[in-house]
$ cat target-v6.csv   # CSV, C-alpha atoms and all ligand atoms
chain,number,residue,atom,x,y,z
A,1109,MET,CA,-24.8,2.8,6.4
A,1110,ASP,CA,-21.2,1.7,5.9
A,1111,HIS,CA,-21.7,-1.5,3.9
A,1112,ILE,CA,-19.2,-2.0,1.0
A,1113,LEU,CA,-21.7,-3.8,-1.2
A,1114,ALA,CA,-24.3,-1.1,-0.7
A,1115,GLN,CA,-21.7,1.6,-1.5
A,1116,HIS,CA,-20.7,-0.4,-4.6
A,1117,LYS,CA,-24.4,-0.5,-5.8
A,1118,LEU,CA,-24.9,3.1,-5.0
A,1119,THR,CA,-22.0,4.0,-7.3
A,1120,LEU,CA,-23.6,2.0,-10.1
A,1121,LEU,CA,-27.0,3.6,-9.5
A,1122,ARG,CA,-25.4,7.0,-10.1
A,1123,ASP,CA,-24.7,6.0,-13.7
A,1124,GLN,CA,-27.2,7.9,-15.8
A,1125,ARG,CA,-26.8,5.4,-18.7
A,1126,LEU,CA,-28.5,2.5,-16.8
A,1127,SER,CA,-31.7,1.0,-18.1
A,1128,SER,CA,-34.7,1.2,-15.8
A,1129,ALA,CA,-34.5,-2.6,-15.4
A,1130,VAL,CA,-31.0,-2.5,-14.0
A,1131,TYR,CA,-31.8,0.6,-11.9
A,1132,ARG,CA,-34.7,-1.2,-10.3
A,1133,GLN,CA,-32.7,-4.3,-9.8
A,1134,LEU,CA,-29.9,-2.4,-8.0
A,1135,MET,CA,-32.5,-0.5,-5.9
A,1136,THR,CA,-33.9,-3.9,-4.8
A,1137,GLU,CA,-30.5,-5.3,-4.0
A,1138,ILE,CA,-29.8,-2.2,-1.9
A,1139,GLY,CA,-33.2,-2.7,-0.3
A,1140,TYR,CA,-32.2,-6.1,1.0
A,1141,ILE,CA,-29.1,-4.7,2.7
A,1142,LEU,CA,-31.1,-1.7,4.0
A,1143,CYS,CA,-33.8,-3.9,5.5
A,1144,ASN,CA,-31.1,-5.8,7.4
A,1145,TYR,CA,-29.8,-2.6,8.9
A,1146,VAL,CA,-33.1,-0.9,9.6
A,1147,THR,CA,-34.6,-3.9,11.4
A,1148,SER,CA,-31.5,-4.7,13.4
A,1149,ASP,CA,-32.3,-2.4,16.3
A,1150,ILE,CA,-36.0,-2.6,16.3
A,1151,GLU,CA,-37.3,-4.0,19.5
A,1152,LEU,CA,-39.6,-6.5,17.8
A,1153,ILE,CA,-42.3,-8.4,19.5
A,1154,LYS,CA,-40.6,-11.8,19.7
A,1155,GLY,CA,-42.2,-15.0,20.7
A,1156,GLU,CA,-41.4,-18.7,20.7
A,1157,TYR,CA,-42.3,-21.0,17.9
A,1158,GLU,CA,-42.5,-24.7,18.4
A,1159,PHE,CA,-40.8,-26.1,15.4
A,1160,ASP,CA,-40.8,-29.8,16.5
A,1161,ALA,CA,-43.9,-31.1,18.1
A,1162,ALA,CA,-42.4,-34.3,19.3
A,1163,SER,CA,-39.6,-32.7,21.3
A,1164,GLY,CA,-41.3,-29.4,22.0
A,1165,LEU,CA,-38.2,-27.6,20.8
A,1166,LYS,CA,-38.8,-23.9,20.2
A,1167,GLY,CA,-37.1,-21.0,18.6
A,1168,PRO,CA,-37.5,-17.2,18.5
A,1169,TYR,CA,-39.7,-15.6,15.9
A,1170,VAL,CA,-40.7,-12.1,15.0
A,1171,ASP,CA,-44.3,-10.8,14.9
A,1172,GLN,CA,-44.1,-9.6,11.4
A,1173,LYS,CA,-47.4,-7.8,11.8
A,1174,SER,CA,-45.7,-5.4,14.2
A,1175,ILE,CA,-43.8,-3.9,11.2
A,1176,VAL,CA,-45.5,-1.5,8.7
A,1177,ILE,CA,-43.6,-0.5,5.6
A,1178,VAL,CA,-44.7,2.8,4.2
A,1179,PRO,CA,-43.4,3.5,0.7
A,1180,ILE,CA,-43.7,7.1,-0.4
A,1181,LEU,CA,-45.1,7.0,-3.9
A,1182,ARG,CA,-43.8,6.7,-6.4
A,1183,ALA,CA,-40.1,6.2,-5.8
A,1184,GLY,CA,-40.5,4.4,-2.4
A,1185,LEU,CA,-42.1,1.5,-4.3
A,1186,GLY,CA,-38.6,0.8,-5.6
A,1187,LEU,CA,-37.6,-0.5,-2.2
A,1188,ALA,CA,-40.8,-2.2,-1.2
A,1189,ASN,CA,-40.2,-5.6,-2.9
A,1190,ALA,CA,-37.0,-6.1,-1.0
A,1191,PHE,CA,-38.7,-5.4,2.4
A,1192,GLN,CA,-41.7,-7.5,1.5
A,1193,SER,CA,-39.4,-10.4,0.5
A,1194,LEU,CA,-37.6,-10.4,3.8
A,1195,ILE,CA,-40.6,-9.6,6.0
A,1196,PRO,CA,-43.3,-11.3,3.9
A,1197,ASN,CA,-46.1,-10.9,6.4
A,1198,CYS,CA,-45.4,-7.2,7.3
A,1199,MET,CA,-48.2,-4.7,6.8
A,1200,SER,CA,-48.0,-2.0,4.2
A,1201,GLY,CA,-49.2,1.5,4.3
A,1202,HIS,CA,-48.9,4.0,1.4
A,1203,ILE,CA,-48.4,7.7,1.1
A,1204,GLY,CA,-48.7,9.6,-2.2
A,1205,LEU,CA,-46.7,12.8,-2.3
A,1206,VAL,CA,-45.3,14.9,-5.1
A,1207,ARG,CA,-43.0,17.9,-4.7
A,1208,ASP,CA,-44.3,21.2,-6.0
A,1209,HIS,CA,-41.1,23.0,-6.8
A,1210,GLU,CA,-42.7,26.3,-7.6
A,1211,LYS,CA,-44.5,26.6,-4.3
A,1212,ASN,CA,-41.7,24.8,-2.4
A,1213,ARG,CA,-43.9,22.3,-0.8
A,1214,VAL,CA,-45.2,18.8,-1.2
A,1215,ASN,CA,-48.7,17.9,-2.3
A,1216,ILE,CA,-50.4,14.9,-0.6
A,1217,TYR,CA,-52.6,13.0,-3.0
A,1218,MET,CA,-53.4,9.9,-1.0
A,1219,HIS,CA,-52.6,8.0,2.2
A,1220,SER,CA,-53.6,4.7,3.7
A,1221,ILE,CA,-51.9,4.0,7.0
A,1222,PRO,CA,-52.7,1.2,9.5
A,1223,VAL,CA,-52.5,2.4,13.1
A,1224,GLY,CA,-51.9,0.4,16.3
A,1225,GLU,CA,-50.0,0.3,19.6
A,1226,ASN,CA,-46.6,-1.5,19.3
A,1227,LEU,CA,-46.3,-0.9,15.5
A,1228,HIS,CA,-43.0,0.0,14.0
A,1229,TYR,CA,-43.1,2.1,10.8
A,1230,ILE,CA,-40.4,2.0,8.1
A,1231,ILE,CA,-40.9,4.8,5.6
A,1232,LEU,CA,-39.3,3.9,2.3
A,1233,ASP,CA,-38.0,6.7,0.1
A,1234,PRO,CA,-34.8,6.3,-2.0
A,1235,VAL,CA,-34.1,10.0,-2.0
A,1236,VAL,CA,-34.3,12.3,1.1
A,1237,HIS,CA,-33.4,15.8,-0.2
A,1238,SER,CA,-35.1,18.8,1.5
A,1239,THR,CA,-36.8,16.2,3.8
A,1240,GLN,CA,-40.2,17.8,3.1
A,1241,SER,CA,-41.5,14.5,1.9
A,1242,ILE,CA,-40.5,12.5,5.0
A,1243,GLN,CA,-41.7,15.3,7.2
A,1244,ALA,CA,-45.1,15.1,5.5
A,1245,ALA,CA,-45.1,11.3,5.9
A,1246,CYS,CA,-44.3,11.5,9.6
A,1247,ARG,CA,-47.1,14.1,10.1
A,1248,ILE,CA,-49.6,11.9,8.3
A,1249,ILE,CA,-48.7,8.9,10.5
A,1250,GLU,CA,-49.0,11.2,13.6
A,1251,GLU,CA,-52.4,12.5,12.5
A,1252,ARG,CA,-53.7,9.0,11.9
A,1253,PHE,CA,-52.7,8.2,15.5
A,1254,LEU,CA,-54.4,11.4,16.8
A,1255,HIS,CA,-57.5,10.5,14.8
A,1256,GLU,CA,-57.7,7.2,16.6
A,1257,GLY,CA,-57.1,8.9,20.0
A,1258,MET,CA,-53.6,7.6,20.3
A,1259,ARG,CA,-50.2,9.3,20.7
A,1260,LEU,CA,-47.4,8.3,18.4
A,1261,SER,CA,-43.8,8.1,19.6
A,1262,PHE,CA,-41.5,9.2,16.8
A,1263,GLU,CA,-39.1,6.5,18.0
A,1264,LYS,CA,-41.4,4.1,16.2
A,1265,ILE,CA,-40.5,5.7,12.8
A,1266,ARG,CA,-37.5,4.7,10.7
A,1267,VAL,CA,-36.7,6.0,7.3
A,1268,ALA,CA,-34.9,3.7,4.8
A,1269,SER,CA,-33.2,5.7,2.0
A,1270,VAL,CA,-30.5,5.3,-0.6
A,1271,ILE,CA,-29.2,8.8,-0.8
A,1272,CYS,CA,-29.7,11.9,1.4
A,1273,HIS,CA,-28.8,15.5,1.2
A,1274,GLU,CA,-26.4,16.1,4.1
A,1275,GLN,CA,-27.7,19.6,4.8
A,1276,GLY,CA,-31.3,18.6,4.5
A,1277,VAL,CA,-30.9,15.8,7.0
A,1278,ALA,CA,-28.9,18.1,9.4
A,1279,ASN,CA,-31.8,20.5,9.3
A,1280,PHE,CA,-34.3,17.7,9.9
A,1281,PHE,CA,-32.5,16.6,13.0
A,1282,LYS,CA,-32.6,20.1,14.4
A,1283,MET,CA,-36.4,20.0,14.5
A,1284,ASP,CA,-37.6,19.0,17.9
A,1285,HIS,CA,-41.0,17.9,16.5
A,1286,PHE,CA,-39.5,14.8,14.9
A,1287,LYS,CA,-37.2,13.8,17.7
A,1288,GLY,CA,-36.8,10.1,17.7
A,1289,VAL,CA,-37.1,9.4,14.0
A,1290,LYS,CA,-34.1,7.5,12.6
A,1291,ILE,CA,-32.8,7.8,9.1
A,1292,PHE,CA,-30.8,5.0,7.5
A,1293,THR,CA,-29.0,5.9,4.3
A,1294,VAL,CA,-26.3,4.5,2.1
A,1295,GLY,CA,-24.8,7.8,0.9
A,1296,ALA,CA,-25.0,11.5,1.6
A,1297,ASP,CA,-24.4,14.1,-1.1
A,1298,THR,CA,-23.4,17.6,0.0
A,1299,GLU,CA,-24.1,19.3,-3.3
A,1300,GLU,CA,-27.2,20.0,-5.5
A,1301,ASP,CA,-27.3,20.1,-9.3
A,1302,LYS,CA,-26.2,23.6,-10.3
A,1303,GLU,CA,-28.7,23.7,-13.2
A,1304,ASN,CA,-31.5,22.2,-11.2
A,1305,PRO,CA,-31.2,22.5,-7.5
A,1306,ASN,CA,-34.2,20.2,-7.0
A,1307,PHE,CA,-31.8,17.4,-7.7
A,1308,LEU,CA,-28.8,16.2,-5.8
A,1309,TYR,CA,-25.3,16.1,-7.3
A,1310,PRO,CA,-24.1,13.6,-8.2
A,1311,GLY,CA,-27.3,12.0,-6.9
A,1312,ILE,CA,-29.1,9.1,-8.5
A,1313,GLY,CA,-31.2,11.2,-10.8
A,1314,ASP,CA,-35.0,11.4,-10.7
A,1315,ALA,CA,-35.6,8.2,-8.8
A,1316,GLY,CA,-39.3,7.9,-9.5
A,1317,ASP,CA,-38.9,8.4,-13.3
A,1318,ARG,CA,-35.9,6.1,-13.5
A,1319,ILE,CA,-37.7,3.3,-11.5
A,1320,PHE,CA,-40.8,3.5,-13.7
A,1321,GLY,CA,-39.1,3.8,-17.1
A,1322,LEU,CA,-39.8,7.5,-17.7
A,1323,SER,CA,-36.2,8.5,-18.0
A,1401,LIG,O1,-36.8,15.4,0.5
A,1401,LIG,P1,-37.6,16.0,-0.6
A,1401,LIG,O2,-37.1,17.3,-1.0
A,1401,LIG,O3,-39.0,16.0,-0.3
A,1401,LIG,O4,-37.4,15.1,-1.9
A,1401,LIG,C1,-37.4,13.8,-2.0
A,1401,LIG,C2,-38.7,13.3,-2.7
A,1401,LIG,O5,-38.7,13.7,-4.0
A,1401,LIG,C3,-38.9,12.6,-4.9
A,1401,LIG,O6,-40.2,12.4,-5.1
A,1401,LIG,P2,-41.1,13.2,-6.1
A,1401,LIG,O7,-41.8,14.3,-5.4
A,1401,LIG,O8,-40.2,13.7,-7.2
A,1401,LIG,O9,-42.2,12.2,-6.5
A,1401,LIG,P3,-42.0,10.8,-7.2
A,1401,LIG,O10,-41.5,9.8,-6.2
A,1401,LIG,O11,-43.4,10.5,-7.7
A,1401,LIG,O12,-41.1,10.9,-8.4
A,1401,LIG,C4,-38.3,11.5,-4.1
A,1401,LIG,O13,-38.8,10.2,-4.5
A,1401,LIG,C5,-38.7,11.8,-2.7
A,1401,LIG,O14,-40.0,11.3,-2.3
A,1402,LIG,O1,-35.7,11.8,-7.2
A,1402,LIG,C1,-35.1,12.8,-6.7
A,1402,LIG,C2,-35.8,13.6,-5.8
A,1402,LIG,C3,-35.1,14.7,-5.2
A,1402,LIG,N1,-33.8,14.9,-5.4
A,1402,LIG,C4,-33.1,14.0,-6.3
A,1402,LIG,O2,-31.9,14.2,-6.5
A,1402,LIG,N2,-33.8,13.0,-6.9
$ encode --input "target-v6.csv" --output "structure tokens"
Amino acid sequence: MDHILAQHKLTLLRDQRLSSAVYRQLMTEIGYILCNYVTSDIELIKGEYEFDAASGLKGPYVDQKSIVIVPILRAGLGLANAFQSLIPNCMSGHIGLVRDHEKNRVNIYMHSIPVGENLHYIILDPVVHSTQSIQAACRIIEERFLHEGMRLSFEKIRVASVICHEQGVANFFKMDHFKGVKIFTVGADTEEDKENPNFLYPGIGDAGDRIFGLS
């Protein structure tokens, strides 16, 4: 996402000296810009709203309930306020995941996902690294559809992120299973931290810990 203000704010987020308050604020500000981009190509269910009863004049409006934001806990919550501010009547789903570095997998500890025809899902996760977390999130949404006897088109899933690992995302797009998923990101790092390859370099640190005041 080539937006100069988003790039500027990503540069600031990379600063390890930031307080959690400033980190969260920057994350929210990036969230507003991301929300604008992520929703710009969604074929939303639009209608006409009569805003003047006397003249019968109408204008276009969006069926906000056709959008489901899905923050991946914890760090995805850092983007949720921005999306909820701009789409205040959207639905929210939640997916709780945590990476298990030793076993090289993610553990799912909760999920709550509304399902329906014509819904658009926006997965929120500031960091997309190996992509295991967004893969798990996509599969959970897919399974929820199957459970309800419906088939999910992955074209209905968008991912909003702040920083991605270039190689991780390239690998993700080679997987036929997730064909149709779009990832929106502000920056892409090519390197991992030499001392701890579970983190990107320069990255934005441990997003969950930094948002919630643990580092
Ligand atoms: O693409 P991946 O390799 O899966 O890594 C990205 C995930 O890792 C972090 O979450 P973490 O598991 O640390 O949990 P947290 O959000 O609770 O900190 C981050 O918030 C992403 O969800
Ligand atoms: O928070 C996170 C998660 C994965 N990789 C990172 O660099 N940061």
$ residues_around --input "target-v6.csv" --residues "region 1206-1220 of chain A" --least-positions-apart "4" --cutoff "12 Å" --atoms "all atoms listed in the file" --output "MDAnalysis selection string"
chainID A and resid 1176:1184 1199:1202 1236:1249 1251:1252 1304:1307 1314 1316
$ atom_distance --input "target-v6.csv" --atom1 "CA of Asp1110 (chain A)" --atom2 "CA of Pro1310 (chain A)"
18.7 Å
$ closest_residue --input "target-v6.csv" --among "A:Leu1165, A:Ala1268, A:Val1235, A:Met1109" --to "ligand LIG 1401 (chain A)" --atoms "only C-alpha atoms and all ligand atoms"
A:Val1235
$ closest_residue --input "target-v6.csv" --among "A:Ile1291, A:Leu1205, A:Ala1114, A:Met1258" --to "ligand LIG 1402 (chain A)" --atoms "all atoms listed in the file"
A:Leu1205
$ closest_residue --input "target-v6.csv" --among "A:Ile1221, A:Val1277, A:Leu1142, A:Ile1271" --to "Phe1253 (chain A)" --atoms "only C-alpha atoms"
A:Ile1221
$ closest_residue --input "target-v6.csv" --among "A:Ala1190, A:Cys1272, A:Leu1126, A:Ala1278" --to "ligand LIG 1402 (chain A)" --atoms "all atoms listed in the file"
A:Cys1272
$ closest_residue --input "target-v6.csv" --among "A:Gln1133, A:Ser1193, A:Ser1323, A:Ser1127" --to "ligand LIG 1401 (chain A)" --atoms "all atoms listed in the file"
A:Ser1323
$ atom_distance --input "target-v6.csv" --atom1 "CA of Leu1185 (chain A)" --atom2 "CA of His1255 (chain A)"
26.1 Å
$ closest_residue --input "target-v6.csv" --among "A:Phe1191, A:Phe1159, A:Tyr1145, A:Phe1262" --to "Thr1293 (chain A)" --atoms "only C-alpha atoms"
A:Tyr1145
$ atom_distance --input "target-v6.csv" --atom1 "CA of Phe1292 (chain A)" --atom2 "CA of Val1146 (chain A)"
6.7 Å
$ residues_around --input "target-v6.csv" --residues "Ser1174 (chain A)" --least-positions-apart "4" --cutoff "9 Å" --atoms "only C-alpha atoms" --output "list in words"
Leu1152, Ile1153, Val1170, Cys1198, Met1199, Gly1224, Glu1225, Asn1226, Leu1227, His1228 and Tyr1229 of chain A
$ decode --input "target-v6.csv" --residues "region 1185-1199 of chain A" --atoms "all heavy atoms" --output "compact mmCIF listing (two decimals), in the first residue's frame"
# COMPACT_ATOMS: atom_id res chain seq x y z
N LEU A 1185 -6.39 -6.87 17.41
CA LEU A 1185 -7.26 -5.89 18.10
C LEU A 1185 -6.72 -4.47 17.94
O LEU A 1185 -7.47 -3.51 18.03
CB LEU A 1185 -7.39 -6.24 19.58
CG LEU A 1185 -8.19 -7.51 19.89
CD1 LEU A 1185 -8.09 -7.84 21.38
CD2 LEU A 1185 -9.64 -7.35 19.48
N GLY A 1186 -5.43 -4.35 17.70
CA GLY A 1186 -4.82 -3.03 17.53
C GLY A 1186 -5.33 -2.30 16.30
O GLY A 1186 -5.20 -1.07 16.20
N LEU A 1187 -5.92 -3.02 15.35
CA LEU A 1187 -6.46 -2.38 14.14
C LEU A 1187 -7.99 -2.27 14.20
O LEU A 1187 -8.60 -1.60 13.37
CB LEU A 1187 -6.06 -3.18 12.89
CG LEU A 1187 -4.57 -3.17 12.53
CD1 LEU A 1187 -4.29 -4.20 11.43
CD2 LEU A 1187 -4.14 -1.78 12.06
N ALA A 1188 -8.59 -2.94 15.17
CA ALA A 1188 -10.05 -3.07 15.16
C ALA A 1188 -10.76 -1.72 15.37
O ALA A 1188 -11.77 -1.44 14.71
CB ALA A 1188 -10.50 -4.08 16.22
N ASN A 1189 -10.26 -0.89 16.28
CA ASN A 1189 -10.96 0.38 16.56
C ASN A 1189 -11.09 1.24 15.31
O ASN A 1189 -12.12 1.86 15.07
CB ASN A 1189 -10.21 1.19 17.64
CG ASN A 1189 -10.45 0.61 19.01
OD1 ASN A 1189 -11.33 -0.23 19.18
ND2 ASN A 1189 -9.66 1.04 19.98
N ALA A 1190 -10.02 1.27 14.51
CA ALA A 1190 -10.05 2.11 13.30
C ALA A 1190 -11.13 1.60 12.34
O ALA A 1190 -11.91 2.38 11.80
CB ALA A 1190 -8.69 2.09 12.62
N PHE A 1191 -11.19 0.28 12.15
CA PHE A 1191 -12.18 -0.27 11.23
C PHE A 1191 -13.60 -0.07 11.78
O PHE A 1191 -14.52 0.26 11.04
CB PHE A 1191 -11.89 -1.76 10.96
CG PHE A 1191 -10.82 -1.97 9.92
CD1 PHE A 1191 -9.48 -1.71 10.21
CD2 PHE A 1191 -11.14 -2.40 8.65
CE1 PHE A 1191 -8.49 -1.88 9.26
CE2 PHE A 1191 -10.15 -2.56 7.68
CZ PHE A 1191 -8.83 -2.31 7.98
N GLN A 1192 -13.75 -0.23 13.09
CA GLN A 1192 -15.08 -0.03 13.68
C GLN A 1192 -15.50 1.43 13.66
O GLN A 1192 -16.68 1.73 13.60
CB GLN A 1192 -15.11 -0.54 15.10
CG GLN A 1192 -15.30 -2.04 15.16
CD GLN A 1192 -15.45 -2.53 16.59
OE1 GLN A 1192 -14.66 -2.16 17.44
NE2 GLN A 1192 -16.45 -3.35 16.83
N SER A 1193 -14.53 2.34 13.70
CA SER A 1193 -14.90 3.76 13.63
C SER A 1193 -15.43 4.11 12.25
O SER A 1193 -16.38 4.87 12.11
CB SER A 1193 -13.68 4.65 13.90
OG SER A 1193 -13.22 4.44 15.19
N LEU A 1194 -14.78 3.55 11.21
CA LEU A 1194 -15.19 3.91 9.84
C LEU A 1194 -16.38 3.09 9.34
O LEU A 1194 -17.11 3.52 8.47
CB LEU A 1194 -14.00 3.76 8.88
CG LEU A 1194 -12.85 4.74 9.09
CD1 LEU A 1194 -11.78 4.57 8.03
CD2 LEU A 1194 -13.35 6.18 9.07
N ILE A 1195 -16.54 1.88 9.89
CA ILE A 1195 -17.69 1.03 9.50
C ILE A 1195 -18.40 0.63 10.79
O ILE A 1195 -18.35 -0.52 11.23
CB ILE A 1195 -17.22 -0.24 8.74
CG1 ILE A 1195 -16.06 0.05 7.80
CG2 ILE A 1195 -18.39 -0.88 7.98
CD1 ILE A 1195 -15.38 -1.19 7.24
N PRO A 1196 -19.05 1.62 11.45
CA PRO A 1196 -19.51 1.38 12.83
C PRO A 1196 -20.53 0.27 12.99
O PRO A 1196 -20.66 -0.28 14.08
CB PRO A 1196 -20.10 2.73 13.24
CG PRO A 1196 -20.26 3.51 12.00
CD PRO A 1196 -19.32 2.98 10.99
N ASN A 1197 -21.24 -0.06 11.91
CA ASN A 1197 -22.24 -1.13 12.04
C ASN A 1197 -21.80 -2.43 11.39
O ASN A 1197 -22.64 -3.29 11.08
CB ASN A 1197 -23.58 -0.68 11.46
CG ASN A 1197 -24.20 0.40 12.33
OD1 ASN A 1197 -24.24 0.24 13.55
ND2 ASN A 1197 -24.60 1.49 11.74
N CYS A 1198 -20.48 -2.57 11.18
CA CYS A 1198 -20.00 -3.85 10.63
C CYS A 1198 -20.16 -4.93 11.70
O CYS A 1198 -20.36 -4.65 12.87
CB CYS A 1198 -18.53 -3.75 10.21
SG CYS A 1198 -17.38 -3.59 11.57
N MET A 1199 -20.07 -6.19 11.25
CA MET A 1199 -20.05 -7.27 12.24
C MET A 1199 -18.59 -7.56 12.60
O MET A 1199 -17.68 -7.25 11.84
CB MET A 1199 -20.69 -8.54 11.65
CG MET A 1199 -22.18 -8.40 11.48
SD MET A 1199 -22.96 -10.02 11.32
CE MET A 1199 -22.76 -10.31 9.58
